[in-house]
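**Q** Provided herewith is a single structure, encoded as structure tokens, for subsequent inquiry.
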Amino acid sequence: MNMRAKSERAFKVVGTRPPRPDGVDKVTGRALYGADVSAPGMLAGRILRSPHPHAEILSIDTSAAEALPGVKAVITSADFGLPEDESLRDIQDNCMARGKALYDGHAVAAVAAVSPAVAGAALKLIKVEYRPLPHVTDVDAAFAKDAPVVQAGRTLENVPPGVSENVTSFCEFGHGDLAGGFAKADRIVSRSFTTAATHQGYIEPHACLASMGSDGKADLWCCTQGQYNVRSVCAGILGMEASQLKVTASEIGGGFGGKTTVFIEPVALALSRKAGRPVKIVMTRDEVFRATGPTVTTSIDVKIGMTATGRITAAEAKLRYSGGAFPCVTVDMGAQAAFAAYDLEAVRSLGWNVLTNRPKEAPYRAPGAPQAIYAVESVVDELCEALGLDPLEVRLKNAARKGTKSSYGPTFDDIGLVATLEAAKAHPHYAAPLGPGQARGLSCGFWFNFGGNTCVSLNINTDGTVSVTEGNPDIGGSRAAISQMAAEELGIAYEKVRTVVADTSSLGHNDVTDGSRVTFSVGLATIKAARDAIGKMCARVAKIWGIDEDAVFWEGGYAKPAGPNAGDFPPMSLAEIAAISFQTGGPIAGHHEFNADGAGVSFGVHLCDVEVDRETGATKILRYTVFQDAGKAVHPAYVEGQMQGGAAQGIGWALNEEYIYGADGRLQNPGFLDYRVPVASDLPRIETVILEIPNPGHPYGVRGVGETPIVPPLAAVSNAMSRAIGARLNRLPMSPPTVLKALNAAGA
Amino acid sequence: MLRPDGSHLLGLTSCVGLGRVAPGPENIRERLLLRYEKPETAADAARLLAAEAGLARILAGGTDLLVQLKSGLVELDLIVDIKNIGGMRSITPEAGGFRVGAAVSGAELGEHEEVAKAWPGVVEGFELIGSTQVQGRATMAGNLCNGSPAADSVPGLIAANAIARIAGPNGERDCPVEQIPVGPGRTSLAKGEFITSILLPARAPRSADAYLRFIPRTEMDIAVASAAVNLSLDADGTIAVARVAIGAVAPTVRLVTPAAEAILGTRLDDAALASLAAAASAAANPIDDKRGTVEYRRHVVGVLARRAALIAYGRAGGRK
Amino acid sequence: MKTVHVAATINGDPVEFVCEPHESLLDALRNRLGLTGAKEGCGTGDCGACSVTLNGRLVCSCLVLGAEADKAAIGTIEGMAEADRLHPLQQSFIDHAALQCGVCTPGILVAAKALLERNPDPTDTEVRYWLAGNLCRCTGYDKIIQAVQDAARQMRHA
């Protein structure tokens with residue numbers, strides 16, 4: 001068998017916009033999400049949560065709850081063991097507080113009962129004796145040497161001394177002579193920024209149904225971005241063998257990173273184990289806000305030097321992140337991403353993580369990057385304004401390109417930043433006139449993109465159709481894209497392929513759906529599984545024709561003789577080969593498993609026009625355009641969907657979304673009423689321009705596209721608003737009172 | 001959308017069990033004995049309410065009540081659904097104005113062309129409550145009795161000089177809307193009393209009203225500050241009658257007489273507008289909370305009063 | 001608890017169920033009638049994922065008591081397609097990739113259908129304001145608006 005070279009490939013299926021395989025189920029209400037299934041004898045599980053941001057748990061008396069008719073099990077941290085692995089222990093302690101409640105909403109006990117009403121009543125009968133402790137929710141305050149200590153003994157050795165015991169980790173990236181670089185600058189801007197914690201805001205609350213028998217075997221249905229991770233974490237916490245726990249991922253109602261970890265699944269399993277009956281737990285929205293998600297909250301200093309002609313001479317960032325009450329290394333990604341868009345001679349970024357009495361951070365779309373890049377892009381824009389330079393030209397002048405040694409170490413291969421900037425420059429949006437009180441902002445964005453452990457099976461059915469089994473929950477149309485790649489590689493119609501997401505017992509391990517890895521990694525595994533199947537089909541045909549396997553090649557869905565020397569045989573289609581497979585050696589299947597590498601970084605550029613009401617500080621987004629390198633857009637409609645959805649979320653972060661804690665350390669806005677995600681009437685059309693600079697690490701050139709689009713909106717909106725009001729904004733969100741204050745301070 | 005919100009002012013929290021004495025199993029079972037009644041006369045409803053020893057609530061649109069039930073903020077013993085009582089869902093002309101039944105939804109009022117023409121400010125205030133879905137259910141009477149200082153329909157009703165009709169154990173009585181709320185989450189209604197309708201009075205010629213609120217988004221928020229202005233003009237465009245009410249900047253919606261006086265006898269010149277804004281701001285007594293600061297609310301309520309006055313003036317036929 | 005007996009029609013079919021007095025129509029639909037198309041995203045009327053029609057009015061079923069459904073006509077996402085024929089809005093959402101995770105989709109479709117029944121030719125702004133109570137976190141709404149408008153065009157010309 002031999003394959004035609006990539007460069008000759010004219011795509012037939014990849015790049016088209018076929019209907020998604022789960023479309024009809026999702027428009028008719030048939031699709032089953034986390035909370036949509038039941039089991040015979042099922043109990044309702046509910047969780048009691050701490051009202052204190054920080055408190056020692058002196059005792060928990062569950063006797064009255066247990067005595068309530070209809071209550072079948074009550075559990076606390078005493079019902080769990082103590083895992084040796086520190087990160088597993090942190091997850092368990094987050095699912096059920098052990099000894100101390102570390103944030104408002106931290107779970108302290110759980111009940112399984114015959115109905116949600118009885119379970120709710122039972123929660124009120126649990127007596128928890130707390131000793132409230134001083135708390136800290138502000139990232140900068142948590143650094144102070146005399147700050148309340150959230151958890152002691154969690155500081156890594158490399159943390160420079162002189163800060164609070166809350167500081168858990170430190171990181172440093174960069175290269176070059178910083179002092180020398182700043183000395184060459186005509187203008188230096190130093191500015192400090194803060195960003196509030198935000199929530200992923202998926203519309204589907206976490207939900208699961210657990211059933212565990214006295215034989216130790218268990219089934220778990222849940223909405224998750226990674227059923228294999230749920231399995232390994234739950235098995236670790238419950239002391240089970242992985243093979244005995246089958247985890248099935250439901251349809252998932254949004255995740256954005258927030259469903260890559262576990263919150264309720266081990267609790268439901270433990271309740272089911274104790275009650276001997278299936279237990280369903282569905283979080284309320286209040287619980288989702290108080291005890292899942294959010295992003296880091298940050299405080300960032302950025303200093304950049306620039307020549308009068310717009311060349312950056314040196315750049316430095318100091319990033320202080322808090323991932324809540326448990327150690328978190330998101331700051332490492334922020335520190336690496338901060339200056340990724342620039343080709344710099346002297347650059348350094350330093351990062352610290354600090355504990356606060358907030359929920360444990362969960363990844364959210366490009367974790368750590370939006371905050372860091374917001375600060376950097378704001379300072380670059382301020383320099384452009386101060387020096388009278390075009391902000392797009394300055395980006396082009398300093399843009400990272402092939403061969404650039406990145407600020408975080410690696411040297412870039414083919415990347416699309418310059419092409420993306422050029423596209424923005426050429427777009428009518430960039431030249432469109434602005435009215436009075438209006439202004440335009442722009443920002444670059446970046447994400448690394450992940451590969452990772454991936455496993456795919458591809459079965460050639462005897463009727464000529466193909467079943468692809470993959471292990472990553474579909475959060476944005478990936479089943480369509482994977483079917484397209486299978487169809488493309490096999491040379492058959494898209495409609496002939498159906499891709500399903502496997503449970504943990506049906507396929508080998510797959511890393512979680514994160515880091516924009518699925519279309520790249522699962523797509524690559526699917527292509528390789530297809531090639532495996534093609535190899536087998538060619539071998540069968542070689543046998544039928546009585547020629548060497550090497551003398552058969554695959555093209556356009558047919559096995560063909562490689563040339564006149566191979567013999568004169570009519571091509572055999574996939575369907576023909578499949579139909580007689582039982583006579584030629586049995587079923588035909590392809591398989592591929594690997595740890596995918598070569599994901600290929602992704603860059604985007606956003607343009608944003610705003611109008612600010614100078615009397616109220618209200619901001620209206622007038623026009624918004626997203627430019628992004630997708631490598632190769634497999635299903636362009638879903639690539640656009642990622643670009644638009646990421647932009648909308650970023651606009652939400654920029655304008656209104658924030659976790660608001662009171663002086664009492666309690667979350668003030670645990671609902672969609674006061675945690676303000678954008679509604680349809682808040683947004684304009686979001687135009688998209690897809691660039692395709694092929695990723696050398698993928699046979700079709702695919703790059704992940706899901707995370708990058710949330711990165712630029714923060715600075716794109718902030719830069720536009722700062723220009724509109726004539727004052728530099730430096731905190732997110734830019735809620736109307738904040739804007740009005742800045743306006744007044746600027747003497748407007 | 002309007003909510004039990006005053007929650008911050010009331011010191012209520014969303015935390016299960018916090019600050020309460022944990023009830024015993026027997027009490028819990030008692031609590032599960034919630035009853036749902038749908039009487040067919042106002043007298044029966046008043047009797048049910050008066051006879052209930054525990055906590056009873058009226059259900060009309062339910063857009064606040066169900067949220068409170070869900071959050072565990074209230075533990076009810078009796079729900080009295082008034083939608084089966086005659087007249088609750090009708091809008092009837094009366095004495096040159098309109099009597100609006102207590103269960104008339106925002107969507108229904110908004111579709112009533114005559115009301116929308118006579119009272120555009122009342123209607124727009126009501127229609128700003130919540131989403132399209134909430135508009136299918138929410139009622140002005142419920143919005144009023146929920147007692148939120150940020151209630152979107154209340155400034156318009158107060159500026160309109162609307163009159164609530166109240167049924168109770170002792171029969172019916174009428175009461176100006178501005179006397180109903182007495183504090184966040186509290187009303188002047190006695191036990192067993194509930195609102196059966198609200199009367200929007202007759203209009204003089206060249207009259208119009210307007211309502212504006214400030215929210216961070218374009219929809220789906222609670223007012224950070226709000227203002228309603230109701231005007232009647234003389235033939236030459238001079239303001240002959242004015243009522244100004246402001247919301248979300250004090251424990252209750254406030255009728256601001258000095259703000260009205262600031263524009264009386266004017267044709268809304270810039271000086272009059274500036275005094276109106278200043279009077280509205282001066283009457284504000286707001287709090288700092290998750291939705292806004294004292295400083296911000298005080299400033300913005302003046303801006304809104306000024307802008308609402310201009311809209312009402314234009315609607316009334318005034319030309320500047 | 002004193003349960004309430006309810007007789008209603010759902011998508012034109014007569015149904016009877018009992019529910020507890022505090023139980024929402026959403027819970028009754030999902031847990032007693034097996035109609036899980038309407039979703040609970042918040043339970044407080046802020047997200048619209050549970051949208052249904054009640055006697056022709058668009059409402060959040062989480063803000064209606066099950067008991068209130070007595071003698072009412074309820075419309076849910078399960079009644080939107082006619083047998084195997086999708087409603088033009090449903091087909092348009094698939095064609096325009098107007099859904100990603102799909103959990104808000106049933107509510108948005110029910111709401112959009114209610115809009116087009118009242119206003120067959122809405123502006124984009126009218127669609128956006130009508131749907132402001134239906135949160136979608138995945139799409140940024142752009143393709144949803146396009147899909148509604150395309151369906152509206154098809155329905156006008158049908």
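Naming scheme: A, B, ... for chains in displayed order of the structure tokens; residues 1 onward per chain; ligands 1 onward as shown.
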Select, as a PyMOL selection string, those residues of chain B with any atom no more than 7 Å from chain C (distances computed using only C-alpha atoms).
**A** chain B and resi 32-36+62-63+66-67+131-134+136-137+219-220
**Q** Taking only C-alpha atoms into account, find every residue of chain A that has an atom no more than 6 Å from chain B, and write it out as a list in words.
**A**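 Here they are: Leu68, Lys124, Leu125, Asp682 and Pro737 of chain A.
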**Q** If the cut-off is 7 Å, can you tell me the residues of chain A near chain C, counting only C-alpha atoms? I'd like them as a PyMOL selection string.
**A** chain A and resi 19+23+26-30+36+201-205+252-254+284-285+475-477+637-638+641+644-645+648+672-673+679-681+685-686
**Q** If we count only C-alpha atoms, what is near Gly101 of chain B at a cut-off of 8 Å, once residues fewer than 4 positions away on the same chain are taken out, given as a ChimeraX atom specification?
**A** /B:87-91,196-198
**Q** Using only C-alpha atoms, which protein or nucleic acid residues come within 9 Å of Phe193 of chain A? Drop anything in the same chain fewer than 6 positions from it, and give the result as an mmCIF file with C-alpha atoms, in the first residue's frame.
**A**
data_model
loop_
_atom_site.group_PDB
_atom_site.id
_atom_site.type_symbol
_atom_site.label_atom_id
_atom_site.label_comp_id
_atom_site.auth_asym_id
_atom_site.auth_seq_id
_atom_site.Cartn_x
_atom_site.Cartn_y
_atom_site.Cartn_z
ATOM 1 C CA THR A 298 -5.411 37.674 39.122
ATOM 2 C CA SER A 299 -3.245 40.690 39.783
ATOM 3 C CA ILE A 300 -0.676 41.406 37.084
ATOM 4 C CA ASP A 301 2.123 43.935 36.511
ATOM 5 C CA VAL A 302 3.382 44.470 32.973
ATOM 6 C CA TYR A 374 -5.091 41.063 28.377
ATOM 7 C CA ALA A 375 -2.499 42.850 30.501
ATOM 8 C CA LEU A 729 -8.804 50.953 32.099
ATOM 9 C CA ASN A 730 -6.931 48.349 34.089
ATOM 10 C CA ARG A 731 -9.410 46.103 35.801
ATOM 11 C CA LEU A 732 -11.872 43.495 34.651
#
**Q** Segment 79-265 of chain B: which residues are helix (DSSP H, G or I) by DSSP, as a ChimeraX atom specification?
**A** /B:106-110,113-118,120-127,132-135,140-145,154-159,177-179,257-263
**Q** So which residues touch Ala152 of chain C within 9 Å, counting only C-alpha atoms, skipping near sequence neighbours fewer than 5 positions away, as JSON, numbers by chain?
**A** {"C": [88, 89, 116, 120, 121, 122, 147, 157]}
**Q** Between A:Leu269, A:Ala579, A:Ala249, A:Ala325, single out the one closest to Val136 of chain A, counting only C-alpha atoms.
**A**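 That would be A:Ala325, the residue with the smallest distance to Val136 of chain A.
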**Q** Would you mind listing what lies within 10 Å of Asn161 of chain B as a PyMOL selection string, with only C-alpha atoms counted and same-chain residues fewer than 3 positions away left out?
**A** chain B and resi 155-158+164+176-178+199-201+230+243+255
**Q** Within 10 Å of segment 38-51 of chain B, counting only C-alpha atoms, which residues qualify if same-chain residues fewer than 4 places away don't, as a ChimeraX atom specification?
**A** /B:55-59,78-88,166-172,190-196 /C:67-68
**Q** Restrict the selected residues to C-alpha atoms and save them as an mmCIF file, in the first residue's frame.
**A**
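out_23.cif, written as the output of this step:
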data_model
loop_
_atom_site.group_PDB
_atom_site.id
_atom_site.type_symbol
_atom_site.label_atom_id
_atom_site.label_comp_id
_atom_site.auth_asym_id
_atom_site.auth_seq_id
_atom_site.Cartn_x
_atom_site.Cartn_y
_atom_site.Cartn_z
ATOM 1 C CA LEU B 55 -47.250 31.180 56.104
ATOM 2 C CA ALA B 56 -49.510 31.778 53.123
ATOM 3 C CA ARG B 57 -48.753 33.407 49.777
ATOM 4 C CA ILE B 58 -50.746 34.530 46.807
ATOM 5 C CA LEU B 59 -49.911 32.948 43.469
ATOM 6 C CA LEU B 78 -50.488 27.564 51.847
ATOM 7 C CA ILE B 79 -50.459 28.792 48.253
ATOM 8 C CA VAL B 80 -53.605 30.588 47.102
ATOM 9 C CA ASP B 81 -53.819 30.719 43.320
ATOM 10 C CA ILE B 82 -56.101 33.668 42.457
ATOM 11 C CA LYS B 83 -56.290 33.101 38.716
ATOM 12 C CA ASN B 84 -59.653 31.354 38.917
ATOM 13 C CA ILE B 85 -61.293 34.402 40.497
ATOM 14 C CA GLY B 86 -63.413 36.429 38.089
ATOM 15 C CA GLY B 87 -61.879 39.662 36.781
ATOM 16 C CA MET B 88 -58.323 38.774 37.702
ATOM 17 C CA ILE B 166 -57.565 45.388 47.903
ATOM 18 C CA ALA B 167 -59.765 42.492 49.005
ATOM 19 C CA GLY B 168 -59.640 41.318 52.577
ATOM 20 C CA PRO B 169 -61.540 39.726 55.398
ATOM 21 C CA ASN B 170 -63.443 43.004 55.859
ATOM 22 C CA GLY B 171 -64.300 43.509 52.205
ATOM 23 C CA GLU B 172 -62.761 45.785 49.614
ATOM 24 C CA ALA B 190 -52.953 43.329 56.503
ATOM 25 C CA LYS B 191 -53.278 39.610 57.079
ATOM 26 C CA GLY B 192 -55.796 38.147 54.668
ATOM 27 C CA GLU B 193 -55.577 41.093 52.288
ATOM 28 C CA PHE B 194 -54.474 40.918 48.676
ATOM 29 C CA ILE B 195 -54.636 43.146 45.616
ATOM 30 C CA THR B 196 -57.365 42.286 43.128
ATOM 31 C CA ALA C 67 -50.711 22.259 39.847
ATOM 32 C CA GLU C 68 -51.368 25.319 37.681
#
